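Listing of my_file-v1.txt, compact mmCIF, C-alpha atoms
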```txt
# COMPACT_ATOMS: atom_id res chain seq x y z
CA MET A 126 -11.63 -14.33 -3.34
CA ALA A 127 -9.90 -17.45 -2.07
CA ALA A 128 -9.66 -18.58 -5.67
CA LEU A 129 -8.06 -15.31 -6.64
CA LEU A 130 -5.53 -15.53 -3.85
CA LYS A 131 -4.77 -19.09 -4.81
CA LYS A 132 -4.28 -17.99 -8.35
CA ALA A 133 -1.94 -15.26 -7.23
CA GLY A 134 0.15 -17.91 -5.51
CA ARG A 135 0.74 -19.95 -8.64
CA ASN A 136 3.20 -19.19 -11.39
CA MET A 137 1.34 -17.14 -13.90
CA GLU A 138 1.67 -14.95 -16.91
CA TYR A 139 0.31 -11.46 -16.34
CA GLY A 140 -0.27 -8.42 -18.47
CA TYR A 141 1.91 -5.59 -17.21
CA TYR A 142 1.10 -1.89 -17.15
CA PRO A 143 4.17 0.08 -15.95
CA GLY A 144 2.74 3.59 -16.25
CA CYS A 145 4.64 6.77 -17.06
CA SER A 146 6.54 7.28 -13.79
CA LEU A 147 7.98 3.80 -13.98
CA THR A 148 9.65 4.61 -17.29
CA GLY A 149 11.34 7.65 -15.71
CA SER A 150 11.68 8.76 -12.11
CA ALA A 151 10.38 5.47 -10.68
CA LYS A 152 12.48 3.26 -12.95
CA LYS A 153 13.74 1.55 -9.82
CA LEU A 154 10.25 0.35 -8.93
CA ASP A 155 9.79 -0.98 -12.47
CA GLN A 156 13.05 -2.91 -12.34
CA GLY A 157 12.28 -4.13 -8.82
CA VAL A 158 8.82 -5.39 -9.71
CA ARG A 159 10.15 -7.19 -12.78
CA GLN A 160 12.94 -8.81 -10.78
CA VAL A 161 10.74 -9.85 -7.85
CA CYS A 162 8.08 -11.29 -10.17
CA LYS A 163 10.74 -13.25 -12.01
CA LYS A 164 11.93 -14.66 -8.68
CA LEU A 165 8.36 -15.63 -7.82
CA GLY A 166 8.13 -17.42 -11.14
CA HIS A 167 5.65 -15.04 -12.74
CA SER A 168 6.14 -13.59 -16.18
CA LEU A 169 5.05 -10.06 -16.98
CA MET A 170 4.05 -9.18 -20.54
CA GLU A 171 3.98 -5.43 -21.07
CA ILE A 172 0.73 -4.21 -22.62
CA PRO A 173 1.70 -3.19 -26.15
CA ASP A 174 1.51 0.53 -26.86
CA TRP A 175 0.05 1.38 -23.45
CA ASN A 176 -0.85 5.01 -22.82
CA CYS A 177 -0.95 7.23 -19.71
CA CYS A 178 -3.76 6.46 -17.26
CA GLY A 179 -4.49 10.17 -16.75
CA ALA A 180 -3.25 10.06 -13.15
CA LEU A 181 -5.07 12.57 -10.95
CA GLU A 182 -5.08 15.33 -13.52
CA TYR A 183 -8.49 15.05 -15.13
CA GLY A 184 -11.65 16.55 -13.70
CA ASP A 185 -13.92 15.06 -16.29
CA ARG A 186 -14.74 11.58 -15.10
CA ASN A 187 -15.67 10.32 -18.57
CA GLU A 188 -12.51 11.71 -20.06
CA LEU A 189 -10.36 10.06 -17.38
CA LEU A 190 -12.08 6.70 -17.71
CA SER A 191 -11.75 6.79 -21.47
CA ILE A 192 -8.00 7.49 -21.22
CA SER A 193 -7.46 4.71 -18.67
CA GLY A 194 -9.86 2.32 -20.37
CA GLU A 195 -7.94 2.53 -23.63
CA ASN A 196 -5.27 0.39 -21.97
CA LEU A 197 -7.72 -2.36 -21.15
CA LYS A 198 -8.76 -2.47 -24.79
CA LYS A 199 -5.12 -2.86 -25.77
CA THR A 200 -4.86 -6.02 -23.73
CA GLU A 201 -8.13 -7.53 -24.95
CA GLY A 202 -7.78 -11.15 -25.97
CA MET A 203 -4.36 -11.40 -24.32
CA HIS A 204 -4.56 -10.97 -20.58
CA ARG A 205 -7.31 -10.71 -18.04
CA GLU A 206 -4.90 -10.40 -15.13
CA ILE A 207 -2.98 -7.17 -15.23
CA VAL A 208 -0.23 -6.14 -12.83
CA VAL A 209 -0.13 -2.40 -12.19
CA PRO A 210 2.55 -1.17 -9.76
CA CYS A 211 1.81 2.57 -9.60
CA PRO A 212 -1.05 3.22 -7.14
CA ALA A 213 -2.54 6.03 -9.24
CA CYS A 214 -2.60 3.86 -12.37
CA TYR A 215 -3.93 0.96 -10.30
CA LYS A 216 -6.86 3.05 -9.12
CA ASN A 217 -7.62 4.44 -12.57
CA LEU A 218 -7.47 1.09 -14.33
CA LYS A 219 -9.69 -0.45 -11.66
CA ASP A 220 -12.19 2.38 -12.07
CA ALA A 221 -12.12 2.02 -15.86
CA ASP A 222 -12.87 -1.69 -15.56
CA SER A 223 -16.44 -0.97 -14.52
CA ASP A 224 -17.85 -4.42 -15.33
CA LYS A 225 -14.94 -6.13 -13.58
CA SER A 226 -13.93 -8.16 -16.58
CA TYR A 227 -10.27 -7.79 -15.67
CA ASN A 228 -8.37 -8.60 -12.55
CA ILE A 229 -6.26 -5.53 -11.90
CA LEU A 230 -3.54 -6.40 -9.41
CA SER A 231 -0.96 -4.46 -7.50
CA PRO A 232 2.31 -6.41 -7.28
CA LEU A 233 1.61 -6.30 -3.53
CA GLU A 234 -1.33 -8.60 -4.21
CA LEU A 235 0.99 -11.20 -5.71
CA LEU A 236 2.65 -11.53 -2.32
CA ASN A 237 1.22 -13.67 0.47
CA SER A 238 2.48 -15.32 3.62
CA ASP A 239 3.05 -18.51 1.67
CA ASN A 240 5.35 -17.20 -1.05
CA LEU A 241 7.04 -14.76 1.34
CA SER A 242 8.07 -17.53 3.72
CA LYS A 243 9.27 -19.66 0.80
CA MET A 244 11.35 -16.84 -0.62
CA GLU A 245 15.07 -17.66 -0.69
CA GLN A 246 16.65 -15.70 2.11
CA LYS A 247 20.25 -14.59 2.03
CA ASN A 248 19.95 -11.57 4.34
CA ASP A 249 17.61 -10.93 7.23
CA LEU A 250 16.27 -7.69 8.65
CA LYS A 251 16.89 -8.43 12.33
CA GLY A 252 17.52 -5.43 14.54
CA GLN A 253 16.37 -2.98 11.88
CA VAL A 254 13.33 -0.72 12.17
CA PHE A 255 11.07 -0.10 9.19
CA PHE A 256 8.13 2.18 8.60
CA PRO A 257 5.85 0.57 6.01
CA TYR A 258 4.14 3.53 4.39
CA TYR A 259 1.28 2.87 1.94
CA GLY A 260 -0.06 6.37 1.45
CA CYS A 261 -3.53 6.96 0.06
CA LEU A 262 -4.34 5.24 -3.18
CA LEU A 263 -3.43 1.69 -2.20
CA MET A 264 -5.75 2.02 0.80
CA ARG A 265 -8.62 4.14 -0.53
CA PRO A 266 -11.26 4.36 -1.87
CA GLU A 267 -12.57 0.95 -0.85
CA GLY A 268 -13.55 -0.19 -4.36
CA SER A 269 -10.04 0.22 -5.68
CA SER A 270 -7.84 -0.61 -2.70
CA ILE A 271 -5.56 -3.58 -2.18
CA ARG A 272 -7.00 -6.62 -0.42
CA ASN A 273 -4.40 -7.21 2.25
CA LYS A 274 -3.68 -3.84 3.82
CA ASN A 275 -0.93 -5.29 6.04
CA ILE A 276 1.12 -7.00 3.36
CA MET A 277 4.19 -4.76 3.77
CA GLU A 278 4.19 -5.38 7.55
CA ASP A 279 3.85 -9.11 6.85
CA ALA A 280 6.81 -9.02 4.47
CA ILE A 281 9.01 -7.06 6.88
CA SER A 282 8.22 -9.22 9.90
CA VAL A 283 8.68 -12.52 8.03
CA PHE A 284 12.31 -11.52 7.57
CA GLY A 285 12.75 -10.36 11.15
CA GLY A 286 12.43 -6.58 10.80
CA ASP A 287 10.70 -4.36 13.36
CA ILE A 288 7.72 -2.19 12.45
CA ASP A 289 7.08 1.39 13.47
CA GLY A 290 4.63 4.18 12.64
CA GLU A 291 1.58 2.01 12.06
CA LYS A 292 -0.82 4.87 12.76
CA MET A 293 0.68 6.93 9.94
CA LYS A 294 0.76 4.23 7.29
CA ASP A 295 -2.28 5.47 5.38
CA ARG A 296 -1.89 9.21 5.95
CA CYS A 297 -1.36 11.50 2.99
CA CYS A 298 2.15 12.75 2.14
CA GLY A 299 0.71 15.43 -0.13
CA GLY A 300 2.84 14.08 -2.95
CA ASN A 301 0.62 15.34 -5.72
CA GLN A 302 0.99 18.91 -4.44
CA LEU A 303 4.80 18.76 -4.53
CA PHE A 304 5.10 20.80 -7.71
CA LEU A 305 2.03 22.96 -7.03
CA ASN A 306 2.19 23.95 -3.37
CA LYS A 307 5.42 22.63 -1.97
CA TRP A 308 4.64 23.79 1.57
CA VAL A 309 1.59 21.52 1.63
CA THR A 310 3.69 18.45 0.83
CA GLU A 311 6.38 19.55 3.26
CA LYS A 312 3.94 19.97 6.12
CA LEU A 313 2.05 16.74 5.50
CA SER A 314 5.20 14.69 4.94
CA ASN A 315 6.83 16.07 8.06
CA LEU A 316 3.79 15.10 10.10
CA ILE A 317 4.27 11.52 8.94
CA LEU A 318 8.03 11.61 9.38
CA THR A 319 7.93 12.91 12.94
CA LYS A 320 5.50 10.20 14.01
CA SER A 321 7.47 7.30 12.58
CA LYS A 322 11.02 6.06 12.70
CA GLY A 323 13.34 3.82 10.75
CA THR A 324 13.74 3.12 7.07
CA ILE A 325 10.70 4.27 5.10
CA VAL A 326 9.32 1.50 2.92
CA VAL A 327 6.97 2.72 0.20
CA PHE A 328 5.30 1.39 -2.90
CA CYS A 329 4.13 4.62 -4.52
CA PRO A 330 6.29 6.86 -6.73
CA PHE A 331 4.55 9.99 -5.32
CA CYS A 332 5.25 8.93 -1.74
CA HIS A 333 8.81 7.98 -2.62
CA MET A 334 9.52 11.44 -3.97
CA ALA A 335 7.79 13.29 -1.11
CA MET A 336 9.53 11.22 1.55
CA LYS A 337 12.88 11.44 -0.20
CA THR A 338 12.56 15.21 -0.48
CA PHE A 339 11.67 15.88 3.14
CA ALA A 340 13.20 13.01 5.14
CA GLU A 341 16.52 14.09 6.61
CA GLY A 342 18.93 11.26 7.22
CA ARG A 343 16.42 8.48 6.71
CA LYS A 344 16.45 5.93 3.94
CA VAL A 345 13.50 5.73 1.59
CA ILE A 346 13.15 2.46 -0.29
CA TYR A 347 10.57 0.58 -2.30
CA LEU A 348 9.35 -2.71 -0.87
CA THR A 349 10.90 -4.35 -3.93
CA ASP A 350 14.34 -3.04 -2.85
CA LEU A 351 13.79 -4.68 0.53
CA LEU A 352 12.77 -8.01 -0.99
CA LEU A 353 15.71 -7.98 -3.38
CA TYR A 354 18.04 -7.29 -0.47
CA VAL A 355 16.58 -10.21 1.47
CA MET A 356 17.03 -12.46 -1.55
CA GLY A 357 20.63 -11.33 -1.91
CA GLU A 358 20.07 -9.57 -5.23
CA ASN A 359 20.88 -6.18 -3.73
CA LYS A 360 24.03 -5.86 -1.65
CA SER A 361 22.61 -3.27 0.72
CA LEU A 362 19.31 -1.61 1.54
CA MET B 214 -25.68 22.41 -13.65
CA GLU B 215 -23.64 19.42 -14.59
CA LEU B 216 -20.05 18.76 -13.76
CA ALA B 217 -18.26 16.78 -16.42
CA GLY B 218 -19.52 13.31 -15.65
CA HIS B 219 -20.07 14.07 -11.98
CA ARG B 220 -23.80 14.27 -11.92
CA ARG B 221 -25.79 16.18 -9.41
CA GLU B 222 -27.20 12.86 -8.21
CA ASP B 223 -23.68 11.84 -7.25
CA PHE B 224 -23.63 14.25 -4.37
CA SER B 225 -27.32 14.89 -3.79
CA VAL B 226 -27.14 11.84 -1.52
CA CYS B 227 -24.98 13.83 0.91
CA MET B 228 -26.72 13.77 4.28
CA GLY B 229 -24.68 16.61 5.72
CA CYS B 230 -23.10 14.46 8.41
CA LYS B 231 -19.77 16.31 7.99
CA VAL B 232 -17.71 13.22 8.70
CA CYS B 233 -15.60 14.35 5.71
CA ALA B 234 -14.74 17.50 7.62
CA SER B 235 -13.42 15.47 10.52
CA VAL B 236 -10.99 13.49 8.38
CA CYS B 237 -10.00 15.98 5.64
CA THR B 238 -6.22 16.14 5.24
CA ILE B 239 -6.41 19.91 4.70
CA ASN B 240 -7.16 20.27 8.42
CA ASP B 241 -3.57 19.12 9.00
CA LEU B 242 -2.48 22.34 7.30
CA ASN B 243 -4.22 24.32 10.04
CA ILE B 244 -6.98 25.31 7.65
CA ASP B 245 -10.50 24.49 8.82
CA MET B 246 -11.98 22.49 6.01
CA ASN B 247 -15.50 21.27 5.59
CA PRO B 248 -15.90 19.50 2.24
CA GLN B 249 -19.62 19.09 2.90
CA GLU B 250 -20.05 22.85 2.61
CA PHE B 251 -18.23 22.65 -0.73
CA LEU B 252 -20.56 19.91 -1.99
CA LEU B 253 -23.57 21.95 -0.94
CA LYS B 254 -22.29 24.96 -2.86
CA VAL B 255 -21.74 22.88 -5.99
CA PHE B 256 -25.17 21.32 -5.58
CA MET B 257 -26.83 24.73 -5.21
CA GLY B 258 -24.94 26.02 -8.24
CA GLU B 259 -23.16 28.66 -6.19
CA GLU B 260 -19.93 30.10 -7.46
CA ILE B 261 -16.79 28.59 -6.02
CA LYS B 262 -13.82 30.88 -5.89
CA ALA B 263 -10.37 29.95 -7.11
CA ASP B 264 -8.90 30.62 -3.69
CA ASN B 265 -11.09 28.00 -2.01
CA PRO B 266 -8.60 25.94 0.03
CA LEU B 267 -10.15 22.68 -1.13
CA VAL B 268 -9.68 23.68 -4.76
CA ARG B 269 -6.13 24.81 -4.11
CA TYR B 270 -4.85 22.16 -1.76
CA CYS B 271 -6.92 18.97 -2.10
CA THR B 272 -4.38 16.15 -2.27
CA SER B 273 -6.83 13.51 -3.55
CA CYS B 274 -6.20 11.44 -0.44
CA TYR B 275 -9.78 10.07 -0.48
CA ARG B 276 -10.03 10.08 3.31
CA CYS B 277 -13.38 11.86 2.88
CA THR B 278 -14.65 9.23 0.44
CA SER B 279 -13.52 6.46 2.70
CA ALA B 280 -15.33 7.97 5.71
CA CYS B 281 -18.47 9.01 3.79
CA PRO B 282 -21.54 6.78 4.32
CA TRP B 283 -22.19 7.14 0.56
CA GLN B 284 -18.55 6.99 -0.51
CA ILE B 285 -18.97 10.26 -2.39
CA ARG B 286 -15.79 10.90 -4.37
CA ILE B 287 -15.28 14.45 -3.24
CA PRO B 288 -11.68 14.76 -4.59
CA GLU B 289 -13.00 14.06 -8.09
CA VAL B 290 -15.70 16.72 -7.76
CA VAL B 291 -13.05 19.15 -6.52
CA ARG B 292 -10.86 18.27 -9.48
CA ALA B 293 -13.74 18.96 -11.88
CA VAL B 294 -14.38 22.34 -10.28
CA LYS B 295 -10.68 23.18 -10.46
CA GLU B 296 -10.61 22.31 -14.14
CA SER B 297 -13.71 24.40 -14.83
CA LEU B 298 -12.12 27.39 -13.12
CA GLY B 299 -9.15 27.18 -15.49
CA ILE B 300 -6.61 27.77 -12.73
CA GLU B 301 -4.28 24.90 -13.40
CA ALA B 302 -0.59 25.45 -12.79
CA ARG B 303 2.12 25.15 -15.42
CA PHE B 304 2.95 21.68 -14.12
CA GLU B 305 -0.60 20.42 -14.61
CA LYS B 306 -0.87 21.99 -18.06
CA ALA B 307 2.47 20.47 -19.10
CA PHE B 308 1.27 17.09 -17.88
CA LYS B 309 -1.77 17.18 -20.15
CA MET B 310 0.22 18.67 -23.00
CA SER B 311 2.62 15.74 -22.83
CA LEU B 312 -0.31 13.35 -22.93
CA ASN B 313 -1.65 15.12 -25.99
CA ILE B 314 1.69 14.94 -27.79
CA TRP B 315 2.90 11.45 -26.89
CA GLY B 316 0.02 9.73 -25.12
CA ARG B 317 2.29 9.40 -22.12
CA VAL B 318 3.83 11.71 -19.58
CA TYR B 319 7.38 12.43 -20.64
CA GLU B 320 8.95 13.76 -17.46
CA PRO B 321 11.82 15.78 -19.02
CA PHE B 322 9.21 17.72 -21.02
CA VAL B 323 7.07 18.41 -17.95
CA VAL B 324 10.12 19.59 -16.01
CA VAL B 325 11.23 21.94 -18.80
CA MET B 326 7.71 23.33 -19.30
CA SER B 327 7.24 24.02 -15.62
CA ALA B 328 10.81 25.27 -15.13
CA PRO B 329 9.81 28.90 -14.42
CA ASP B 330 7.71 27.75 -11.45
CA LEU B 331 10.36 25.30 -10.29
CA LEU B 332 13.09 27.94 -10.42
CA LYS B 333 10.99 30.50 -8.58
CA GLY B 334 9.57 28.00 -6.13
CA GLY B 335 12.89 27.05 -4.50
CA TYR B 336 13.11 23.51 -5.81
CA ILE B 337 16.76 23.74 -6.83
CA LYS B 338 17.97 22.85 -3.34
CA TYR B 339 16.37 19.41 -3.65
CA LEU B 340 18.32 18.50 -6.78
CA PRO B 341 21.01 16.51 -4.90
CA LYS B 342 18.26 14.37 -3.34
CA TRP B 343 16.57 13.91 -6.69
CA MET B 344 19.61 12.60 -8.52
CA GLU B 345 18.33 9.06 -8.27
CA TYR B 346 15.29 10.06 -10.33
CA ALA B 347 17.39 11.42 -13.16
CA GLY B 348 18.16 9.44 -16.27
CA PHE B 349 17.54 10.04 -19.89
CA HIS B 350 15.23 8.23 -22.22
CA PHE B 351 13.56 9.27 -25.42
CA PRO B 352 9.79 9.79 -25.41
CA HIS B 353 7.69 6.93 -26.68
CA LYS B 354 4.86 7.97 -28.94
CA VAL B 355 1.71 5.94 -28.38
CA LYS B 356 0.30 4.83 -31.72
CA ARG B 357 -3.26 3.91 -30.90
CA LEU B 358 -5.52 6.30 -29.12
CA SER B 359 -8.37 5.66 -31.53
CA THR B 360 -11.50 5.73 -29.45
CA SER B 361 -10.36 8.38 -27.10
CA ASN B 362 -11.58 11.73 -28.32
CA ALA B 363 -10.60 12.92 -24.88
CA LEU B 364 -7.02 13.23 -26.03
CA LYS B 365 -7.67 15.76 -28.74
CA GLY B 366 -6.75 18.73 -26.63
CA GLY B 367 -7.21 20.54 -23.39
CA SER B 368 -10.69 21.73 -24.31
CA SER B 369 -12.27 20.07 -21.31
CA SER B 370 -11.21 22.81 -18.96
CA LYS B 371 -13.60 25.19 -20.63
CA GLU B 372 -16.47 22.77 -20.91
CA GLY B 373 -16.22 21.54 -17.36
CA ARG B 374 -19.21 23.37 -16.03
CA SER B 375 -22.29 24.32 -17.92
```
How would this structure read if it were set down as structure tokens?
Amino acid sequence: MAALLKKAGRNMEYGYYPGCSLTGSAKKLDQGVRQVCKKLGHSLMEIPDWNCCGALEYGDRNELLSISGENLKKTEGMHREIVVPCPACYKNLKDADSDKSYNILSPLELLNSDNLSKMEQKNDLKGQVFFPYYGCLLMRPEGSSIRNKNIMEDAISVFGGDIDGEKMKDRCCGGNQLFLNKWVTEKLSNLILTKSKGTIVVFCPFCHMAMKTFAEGRKVIYLTDLLLYVMGENKSL
Amino acid sequence: MELAGHRREDFSVCMGCKVCASVCTINDLNIDMNPQEFLLKVFMGEEIKADNPLVRYCTSCYRCTSACPWQIRIPEVVRAVKESLGIEARFEKAFKMSLNIWGRVYEPFVVVMSAPDLLKGGYIKYLPKWMEYAGFHFPHKVKRLSTSNALKGGSSSKEGRS
């Protein structure tokens, strides 16, 4: 694992799987990830002709794995290290890679205390409160979760921001019920919102939408927005 | 009985400890939920009704899996049961339809296809908040889906349980 982390610290070329949301409603996350990676000196090469990972919509395990796995085949011979921002895609691609011949990475796994502290800093976050909210799929299940489950807190505190709502960081916002049973998402999101304060920092398109829909008067941003603000690329949060 | 890739052996390891019940997100909705009971029903081949709260409201949060001594992926079993019951909403059907047409989810298509539910469901009031998600792009048609016979059509929902 140390070797992997070390690798993540060096400038590298990665395969890149944006996923469907990142071409539409989560375009901001796609742009943010590309910009932050560029700043870190990594280049992202989009997997040619990638297809949907199947998200959480397929009950047939074999069907889901075959849909997700198709993407790994499309990168064969090109990249073994694949950056996958969307947590649902990340989980599915990790599951499809049953013999672990690929290294499926969340952009969060490209960050570490070393490259965060070296990041050029034009703005700081002093005096501001943030609620780093991971949601479910980055944290669970164990086999397909990110390695450092405090990376967003690390990033926020390196730049002087205050953290709140730690107990709620891995609770479910009900995002995937938003268009099925809205009241479910509303209730679950409100539970999280009432037990946290400050700007909501997310990394999942589902969580972004659920939080955005039900948070009154609170900002909802991707971690990439925060990093780009710190680096002076974004004028405001 | 076999559930689309979720073999009986997958959940026969359940020891009945009910730790899943203590963490299930559905409890936060003031609905008493015991996923272990659900697993037992599936294991025994009992009929599961479409109004089962787990089938209707499971958010795939995987808190149960994470707490389970055997890491049983209950949300995936629930999903398989839901598919076999053929009770998917317009939104879910549109999602799969888009995948069948383009190989990707084209959001404008999904929104249009599920518009009747969205209009009835009181989603219009959120439009101002959702403006940042709007933006137009043409659908991209994936060329290669060669080995995946899974993408031929939504037939799986009928074959889910046998």
Give the answer as one residue: which of B:Trp315, B:Phe351, B:Phe224, B:Tyr346 has the shortest atom-to-atom distance to chain A, using all atoms listed in the file?
B:Tyr346
How close does each residue of chain A get to chain B, giving the shortest atom pair and distance in Å to one decimal for every residue with an atom at most 7 Å away, counting all atoms listed in the file, sorted by chain and residue number, as a tab-separated table?
```
residue	atom	partner	partner_atom	distance
A:Cys145	CA	B:Val318	CA	5.6
A:Gly149	CA	B:Glu320	CA	6.8
A:Ser150	CA	B:Tyr346	CA	4.2
A:Ala151	CA	B:Tyr346	CA	6.7
A:Asp174	CA	B:Val355	CA	5.6
A:Trp175	CA	B:Val355	CA	6.9
A:Asn176	CA	B:Gly316	CA	5.3
A:Cys177	CA	B:Arg317	CA	4.6
A:Glu182	CA	B:Glu305	CA	6.9
A:Tyr183	CA	B:Arg292	CA	6.9
A:Gly184	CA	B:Ala293	CA	3.7
A:Asp185	CA	B:Ala217	CA	4.7
A:Arg186	CA	B:Gly218	CA	5.1
A:Asn187	CA	B:Gly218	CA	5.7
A:Glu188	CA	B:Ala363	CA	5.3
A:Ser191	CA	B:Ser361	CA	6.0
A:Ile192	CA	B:Ser361	CA	6.4
A:Cys261	CA	B:Cys274	CA	5.2
A:Arg265	CA	B:Tyr275	CA	6.0
A:Pro266	CA	B:Ser279	CA	5.5
A:Glu267	CA	B:Ser279	CA	6.6
A:Cys297	CA	B:Cys274	CA	5.9
A:Gly299	CA	B:Thr272	CA	5.6
A:Asn301	CA	B:Thr272	CA	6.1
A:Gln302	CA	B:Thr272	CA	6.4
A:Phe304	CA	B:Phe304	CA	6.8
A:Leu305	CA	B:Ala302	CA	6.8
A:Lys312	CA	B:Leu242	CA	6.9
A:Lys337	CA	B:Lys342	CA	6.9
A:Thr338	CA	B:Lys342	CA	6.4
```
What gap, in Å, lies between CA of Ile207 in chain A and CA of Ser231 in chain A?
8.4 Å
The distance between CA of Gly144 in chain A and CA of Gly290 in chain A is 29.0 Å
Within 7 Å of Lys199 in chain A using only C-alpha atoms, minus same-chain residues under 4 positions, as a short mmCIF file (atom, residue, chain, number, x, y, z; two decimals) with C-alpha atoms, in the frame of the given file:
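What ended up in around_1.cif:
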```cif
data_model
loop_
_atom_site.label_atom_id
_atom_site.label_comp_id
_atom_site.auth_asym_id
_atom_site.auth_seq_id
_atom_site.Cartn_x
_atom_site.Cartn_y
_atom_site.Cartn_z
CA ILE A 172 0.73 -4.21 -22.62
CA PRO A 173 1.70 -3.19 -26.15
CA GLU A 195 -7.94 2.53 -23.63
#
```
Env of Ser242 in chain A: 10 Å cut, atoms = only C-alpha atoms, seq-sep filter 4 positions within chain, self excluded. Answer as number ranges by chain.
A: 237-238, 246, 279-280, 283-284
Could you tell me how far CA of Ser235 in chain B lies from CA of Ala263 in chain B, in Å and to one decimal?
23.0 Å
Of the candidates B:Leu332, B:Cys237, B:Ile337, B:Leu252, which one gets nearest to Arg296 in chain A if we count all atoms listed in the file?
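Result for the nearest residue to Arg296 in chain A: B:Cys237.
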Can you list, as an NGL selection string, every protein, DNA or RNA residue that comes within 7 Å of range 247-249 of chain B when you count only C-alpha atoms, leaving out same-chain residues fewer than 4 positions away?
:B and (229 or 231 or 233-234 or 253)
Nearest to Asp289 in chain A: which of A:Val326, A:Met170, A:Leu233, A:Met336 is it, counting only C-alpha atoms?
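Answer, going by the shortest atom-to-atom distance: A:Val326.
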